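Asks: Supplied structure: model.json, JSON, C-alpha atoms.
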```
[["chain", "number", "residue", "atom", "x", "y", "z"],
["A", 161, "MET", "CA", 135.41, 64.41, -24.36],
["A", 162, "SER", "CA", 133.76, 63.71, -27.69],
["A", 163, "ILE", "CA", 130.60, 61.61, -27.92],
["A", 164, "LYS", "CA", 132.47, 59.22, -30.22],
["A", 165, "LYS", "CA", 135.02, 58.55, -27.44],
["A", 166, "VAL", "CA", 132.21, 58.03, -24.92],
["A", 167, "GLN", "CA", 130.52, 55.57, -27.31],
["A", 168, "THR", "CA", 133.81, 53.71, -27.82],
["A", 169, "LYS", "CA", 134.25, 53.37, -24.05],
["A", 170, "LEU", "CA", 130.65, 52.19, -23.70],
["A", 171, "VAL", "CA", 131.36, 49.42, -26.23],
["A", 172, "LYS", "CA", 134.50, 48.37, -24.29],
["A", 173, "LEU", "CA", 132.41, 48.07, -21.14],
["A", 174, "GLY", "CA", 129.59, 46.09, -22.78],
["A", 175, "PHE", "CA", 126.98, 48.75, -23.46],
["A", 176, "GLY", "CA", 127.48, 48.85, -27.23],
["A", 177, "ASN", "CA", 124.37, 46.86, -28.09],
["A", 178, "LEU", "CA", 122.30, 49.73, -26.66],
["A", 179, "LEU", "CA", 123.76, 52.16, -29.22],
["A", 180, "GLY", "CA", 121.42, 50.76, -31.87],
["A", 181, "LYS", "CA", 122.21, 50.26, -35.53],
["A", 182, "SER", "CA", 124.17, 53.50, -35.80],
["A", 183, "GLY", "CA", 126.74, 52.28, -33.24],
["A", 184, "ILE", "CA", 129.75, 54.53, -32.75],
["A", 185, "ASP", "CA", 128.62, 57.49, -34.83],
["A", 186, "GLY", "CA", 129.51, 60.52, -32.68],
["A", 187, "ILE", "CA", 125.86, 61.56, -32.41],
["A", 188, "ASN", "CA", 124.44, 62.18, -28.95],
["A", 189, "GLY", "CA", 120.99, 60.79, -29.75],
["A", 190, "LYS", "CA", 118.40, 58.71, -27.90],
["A", 191, "ASP", "CA", 120.41, 55.47, -28.21],
["A", 192, "THR", "CA", 123.51, 57.08, -26.69],
["A", 193, "THR", "CA", 121.37, 58.54, -23.89],
["A", 194, "LYS", "CA", 119.87, 55.08, -23.26],
["A", 195, "SER", "CA", 123.33, 53.48, -23.21],
["A", 196, "VAL", "CA", 124.71, 56.13, -20.84],
["A", 197, "ARG", "CA", 121.71, 55.74, -18.53],
["A", 198, "MET", "CA", 122.18, 51.96, -18.38],
["A", 199, "PHE", "CA", 125.90, 52.48, -17.75],
["A", 200, "GLN", "CA", 125.11, 54.83, -14.86],
["A", 201, "LEU", "CA", 122.76, 52.28, -13.28],
["A", 202, "GLU", "CA", 125.25, 49.41, -13.65],
["A", 203, "TYR", "CA", 128.16, 51.54, -12.42],
["A", 204, "ASN", "CA", 126.25, 52.42, -9.27],
["A", 205, "LYS", "CA", 125.55, 48.73, -8.58],
["A", 206, "LYS", "CA", 129.03, 47.43, -9.37],
["A", 207, "PHE", "CA", 130.96, 50.16, -7.54],
["A", 208, "GLY", "CA", 128.49, 50.93, -4.74],
["A", 209, "LYS", "CA", 128.18, 54.53, -5.93],
["A", 210, "ASN", "CA", 125.28, 56.88, -6.40],
["A", 211, "ILE", "CA", 126.07, 58.89, -9.51],
["A", 212, "LEU", "CA", 123.13, 60.69, -11.08],
["A", 213, "VAL", "CA", 121.26, 58.52, -13.59],
["A", 214, "ASP", "CA", 120.30, 61.05, -16.23],
["A", 215, "GLY", "CA", 121.74, 59.69, -19.49],
["A", 216, "ILE", "CA", 123.98, 62.72, -19.91],
["A", 217, "ALA", "CA", 127.57, 62.03, -20.97],
["A", 218, "GLY", "CA", 129.15, 64.75, -18.85],
["A", 219, "LYS", "CA", 132.32, 64.95, -16.75],
["A", 220, "GLN", "CA", 131.06, 62.54, -14.08],
["A", 221, "VAL", "CA", 130.20, 59.90, -16.69],
["A", 222, "ASN", "CA", 133.59, 60.31, -18.38],
["A", 223, "LYS", "CA", 135.37, 59.91, -15.06],
["A", 224, "SER", "CA", 133.24, 56.87, -14.16],
["A", 225, "LEU", "CA", 133.85, 55.25, -17.57],
["A", 226, "ASP", "CA", 137.60, 55.56, -17.01],
["A", 227, "ILE", "CA", 137.36, 54.16, -13.47],
["A", 228, "TRP", "CA", 135.50, 51.08, -14.67],
["A", 229, "LEU", "CA", 137.88, 50.57, -17.61],
["A", 230, "ARG", "CA", 140.84, 50.64, -15.18],
["A", 231, "ASN", "CA", 139.11, 48.02, -13.00],
["A", 232, "LEU", "CA", 137.86, 45.54, -15.62],
["A", 233, "GLY", "CA", 140.39, 42.95, -14.43],
["A", 234, "THR", "CA", 138.84, 42.81, -10.96],
["A", 235, "LYS", "CA", 135.25, 43.93, -11.56],
["A", 236, "GLY", "CA", 134.45, 42.45, -14.96],
["A", 237, "SER", "CA", 132.25, 44.24, -17.48],
["A", 238, "ARG", "CA", 128.55, 44.37, -18.23],
["A", 239, "ASN", "CA", 128.59, 41.06, -20.11],
["A", 240, "PHE", "CA", 131.50, 39.29, -18.43],
["A", 241, "ASN", "CA", 131.24, 38.51, -14.75],
["A", 242, "ILE", "CA", 134.78, 38.32, -13.40],
["A", 243, "ASN", "CA", 133.97, 34.89, -11.94],
["A", 244, "GLU", "CA", 133.70, 33.47, -15.48],
["A", 245, "PHE", "CA", 137.50, 33.76, -15.63],
["A", 246, "ARG", "CA", 138.13, 31.63, -12.51],
["A", 247, "CYS", "CA", 140.37, 28.60, -12.95],
["A", 248, "LYS", "CA", 138.12, 25.68, -13.90],
["A", 249, "GLY", "CA", 140.34, 23.28, -11.93],
["A", 250, "THR", "CA", 140.77, 25.16, -8.66],
["A", 251, "GLY", "CA", 138.35, 28.08, -8.61],
["A", 252, "LYS", "CA", 141.23, 30.50, -8.05],
["A", 253, "LEU", "CA", 141.37, 33.86, -9.77],
["A", 254, "ILE", "CA", 143.96, 36.58, -10.25],
["A", 255, "LYS", "CA", 143.48, 40.07, -11.67],
["A", 256, "MET", "CA", 142.66, 39.60, -15.32],
["A", 257, "ASP", "CA", 144.12, 41.87, -17.97],
["A", 258, "ASN", "CA", 141.85, 44.88, -18.53],
["A", 259, "LYS", "CA", 142.64, 44.87, -22.25],
["A", 260, "LEU", "CA", 141.57, 41.22, -22.58],
["A", 261, "ILE", "CA", 138.14, 41.95, -21.14],
["A", 262, "TYR", "CA", 137.47, 45.02, -23.23],
["A", 263, "LYS", "CA", 138.66, 43.21, -26.36],
["A", 264, "LEU", "CA", 136.19, 40.43, -25.51],
["A", 265, "GLU", "CA", 133.45, 43.04, -25.23],
["A", 266, "GLU", "CA", 134.43, 44.39, -28.65],
["A", 267, "LEU", "CA", 134.24, 40.82, -30.01],
["A", 268, "ARG", "CA", 130.77, 40.44, -28.53],
["A", 269, "TYR", "CA", 129.71, 43.79, -29.96],
["A", 270, "TYR", "CA", 130.99, 42.87, -33.43],
["A", 271, "PHE", "CA", 129.07, 39.59, -33.62],
["A", 272, "ASN", "CA", 126.18, 40.84, -31.47],
["A", 273, "LYS", "CA", 126.01, 37.42, -29.82],
["A", 274, "PRO", "CA", 126.92, 36.05, -26.38],
["A", 275, "VAL", "CA", 130.52, 34.99, -25.81],
["A", 276, "ILE", "CA", 131.13, 31.97, -23.58],
["A", 277, "ILE", "CA", 134.40, 31.75, -21.65],
["A", 278, "ASN", "CA", 135.57, 28.11, -21.72],
["A", 279, "SER", "CA", 138.83, 28.88, -19.97],
["A", 280, "GLY", "CA", 140.25, 32.06, -18.45],
["A", 281, "TYR", "CA", 142.85, 32.06, -15.70],
["A", 282, "ARG", "CA", 144.65, 28.76, -15.03],
["A", 283, "THR", "CA", 146.80, 27.88, -12.05],
["A", 284, "PRO", "CA", 150.11, 26.24, -13.04],
["A", 285, "GLN", "CA", 148.83, 22.85, -11.85],
["A", 286, "HIS", "CA", 145.58, 23.10, -13.79],
["A", 287, "ASN", "CA", 147.45, 24.33, -16.86],
["A", 288, "ARG", "CA", 149.64, 21.19, -16.70],
["A", 289, "ASN", "CA", 146.58, 19.00, -16.18],
["A", 290, "VAL", "CA", 144.90, 20.30, -19.35],
["A", 291, "GLY", "CA", 148.09, 20.14, -21.42],
["A", 292, "GLY", "CA", 148.52, 23.92, -21.68],
["A", 293, "ALA", "CA", 151.71, 25.48, -22.99],
["A", 294, "LYS", "CA", 154.46, 25.92, -20.40],
["A", 295, "ASN", "CA", 154.30, 29.71, -20.67],
["A", 296, "SER", "CA", 150.55, 29.91, -21.43],
["A", 297, "GLN", "CA", 149.02, 33.38, -21.27],
["A", 298, "HIS", "CA", 146.24, 31.81, -19.18],
["A", 299, "LEU", "CA", 148.74, 31.69, -16.30],
["A", 300, "TYR", "CA", 148.98, 35.49, -16.30],
["A", 301, "GLY", "CA", 145.32, 36.40, -16.75],
["A", 302, "ARG", "CA", 145.87, 37.49, -20.35],
["A", 303, "ALA", "CA", 144.02, 34.73, -22.24],
["A", 304, "ALA", "CA", 140.61, 33.21, -22.77],
["A", 305, "ASP", "CA", 139.30, 30.30, -24.82],
["A", 306, "VAL", "CA", 135.96, 31.45, -26.16],
["A", 307, "VAL", "CA", 132.92, 30.37, -28.12],
["A", 308, "VAL", "CA", 130.68, 32.93, -29.77],
["A", 309, "LYS", "CA", 127.21, 31.44, -29.62],
["A", 310, "GLY", "CA", 126.06, 30.39, -33.09],
["A", 311, "VAL", "CA", 129.27, 31.51, -34.84],
["A", 312, "ASN", "CA", 131.77, 29.12, -36.42],
["A", 313, "PRO", "CA", 135.19, 29.28, -34.69],
["A", 314, "SER", "CA", 136.78, 30.04, -38.09],
["A", 315, "LYS", "CA", 134.77, 33.27, -38.32],
["A", 316, "VAL", "CA", 135.72, 34.17, -34.77],
["A", 317, "TYR", "CA", 139.37, 33.48, -35.63],
["A", 318, "ASN", "CA", 139.18, 35.71, -38.72],
["A", 319, "TYR", "CA", 137.94, 38.59, -36.57],
["A", 320, "ALA", "CA", 140.34, 37.88, -33.71],
["A", 321, "VAL", "CA", 143.53, 37.92, -35.81],
["A", 322, "LYS", "CA", 142.87, 41.60, -36.49],
["A", 323, "HIS", "CA", 142.12, 42.54, -32.88],
["A", 324, "PHE", "CA", 144.04, 40.32, -30.44],
["A", 325, "ASP", "CA", 147.78, 39.72, -29.98],
["A", 326, "GLY", "CA", 147.64, 35.94, -29.71],
["A", 327, "VAL", "CA", 145.03, 33.87, -31.50],
["A", 328, "GLY", "CA", 144.64, 30.10, -31.74],
["A", 329, "LYS", "CA", 142.23, 28.28, -34.03],
["A", 330, "TYR", "CA", 140.59, 25.10, -32.71],
["A", 331, "ASN", "CA", 137.65, 23.02, -33.91],
["A", 332, "THR", "CA", 135.23, 24.04, -31.16],
["A", 333, "PHE", "CA", 136.63, 27.29, -29.73],
["A", 334, "THR", "CA", 139.03, 30.17, -30.35],
["A", 335, "HIS", "CA", 141.94, 31.11, -28.11],
["A", 336, "VAL", "CA", 142.51, 34.87, -27.73],
["A", 337, "ASP", "CA", 145.10, 36.72, -25.68],
["A", 338, "THR", "CA", 146.77, 40.05, -25.01],
["A", 339, "ARG", "CA", 150.40, 38.92, -24.71],
["A", 340, "GLY", "CA", 151.85, 42.11, -26.20],
["A", 341, "TYR", "CA", 153.17, 40.61, -29.44],
["A", 342, "LYS", "CA", 151.69, 38.78, -32.41],
["A", 343, "ALA", "CA", 151.27, 34.99, -32.20],
["A", 344, "ARG", "CA", 149.14, 32.72, -34.37],
["A", 345, "PHE", "CA", 148.55, 29.00, -33.89]]
```
Could the structure of this file be written out as structure tokens, please?
Replies:
Amino acid sequence: MSIKKVQTKLVKLGFGNLLGKSGIDGINGKDTTKSVRMFQLEYNKKFGKNILVDGIAGKQVNKSLDIWLRNLGTKGSRNFNINEFRCKGTGKLIKMDNKLIYKLEELRYYFNKPVIINSGYRTPQHNRNVGGAKNSQHLYGRAADVVVKGVNPSKVYNYAVKHFDGVGKYNTFTHVDTRGYKARF
């Protein structure tokens, strides 16, 4: 696997900020090594594994990157604890969409600022209580209402319309989702 693909996967898992100013450049330099090493440490903690922590993007790292990407919806990422997506009304949680979480990591990487999850999964009752749409993507674990710390929601919206399926613009937050088709509101 190319270093550029490894770097792209690292960004999707939340390790992009460690790639330095060069970002996804395809160069296996000190920043990539640092990012891989941090990934290895975090992977071992999150999955109860003991992969070698050497900063080398070899076969084991590639396999481990893919495992974590397939499990984002139940494990979360480096910057998004899966519990942040719990229903605010009931505390319940379902498997979140993997794509939603890695798209949120890409959003965080782009702005290089923390992203706060105001609302993730919603039970049908809680969705009714907050006036959510009848078929809200929150009900299926495919949506989040977010605030990027220190960034105007209009700027977040302008980024999101290019990267998410569903995007809603509000005064104090931005709705993003991975519904599978384009929707703007």
Asks: Could you name the residues that touch Asp185 in chain A at 12 Å or less, counting only C-alpha atoms, but leaving out those on the same chain fewer than 5 positions away, as a list in words?
Replies: Ser162, Ile163, Lys164, Lys165, Val166, Gln167, Thr168, Gly176, Leu179, Gly180, Asp191 and Thr192 of chain A
Asks: Pick out the residues sitting within 6 Å of range 305-314 of chain A, and hand them over as JSON, numbers by chain; count all atoms listed in the file, and ignore anything fewer than 4 positions along from it in its own chain.
Replies: {"A": [274, 275, 276, 277, 278, 279, 333, 334, 335]}
Asks: Around all of range 188-193 of chain A's listed atoms, make the axis-aligned box with 3 Å on each side and tell me centre and edge lengths in Å to one decimal, as AutoDock Vina command-line options.
Replies:
```
--center_x 121.4 --center_y 58.8 --center_z -26.8 --size_x 12.0 --size_y 12.7 --size_z 11.9
```
Asks: Could you name the residues that touch Lys223 in chain A at 12 Å or less, counting only C-alpha atoms, but leaving out those on the same chain fewer than 3 positions away, as a list in words?
Replies: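 Contacts, with the query itself left out: Met161, Val166, Lys169, Gln200, Tyr203, Ile211, Ala217, Gly218, Lys219, Gln220, Asp226, Ile227, Trp228, Leu229 and Arg230 of chain A.
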Asks: List the neighbours of Phe245 in chain A out to 8 Å using only C-alpha atoms; skip same-chain residues closer than 5 positions along the sequence, and give me the result as JSON, numbers by chain.
Replies: {"A": [253, 256, 277, 279, 280, 281, 304]}
Asks: Quick one: residues within 6 Å of Cys247 in chain A, only C-alpha atoms, excluding same-chain residues fewer than 4 positions away - as a PDB file with C-alpha atoms, in the frame of the given file?
Replies:
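Result file is around.pdb:
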```
ATOM      1  CA  GLY A 251     138.350  28.080  -8.610  1.00  0.00           C
ATOM      2  CA  LYS A 252     141.230  30.500  -8.050  1.00  0.00           C
ATOM      3  CA  TYR A 281     142.850  32.060 -15.700  1.00  0.00           C
ATOM      4  CA  ARG A 282     144.650  28.760 -15.030  1.00  0.00           C
TER       5      ARG A 282
END
```
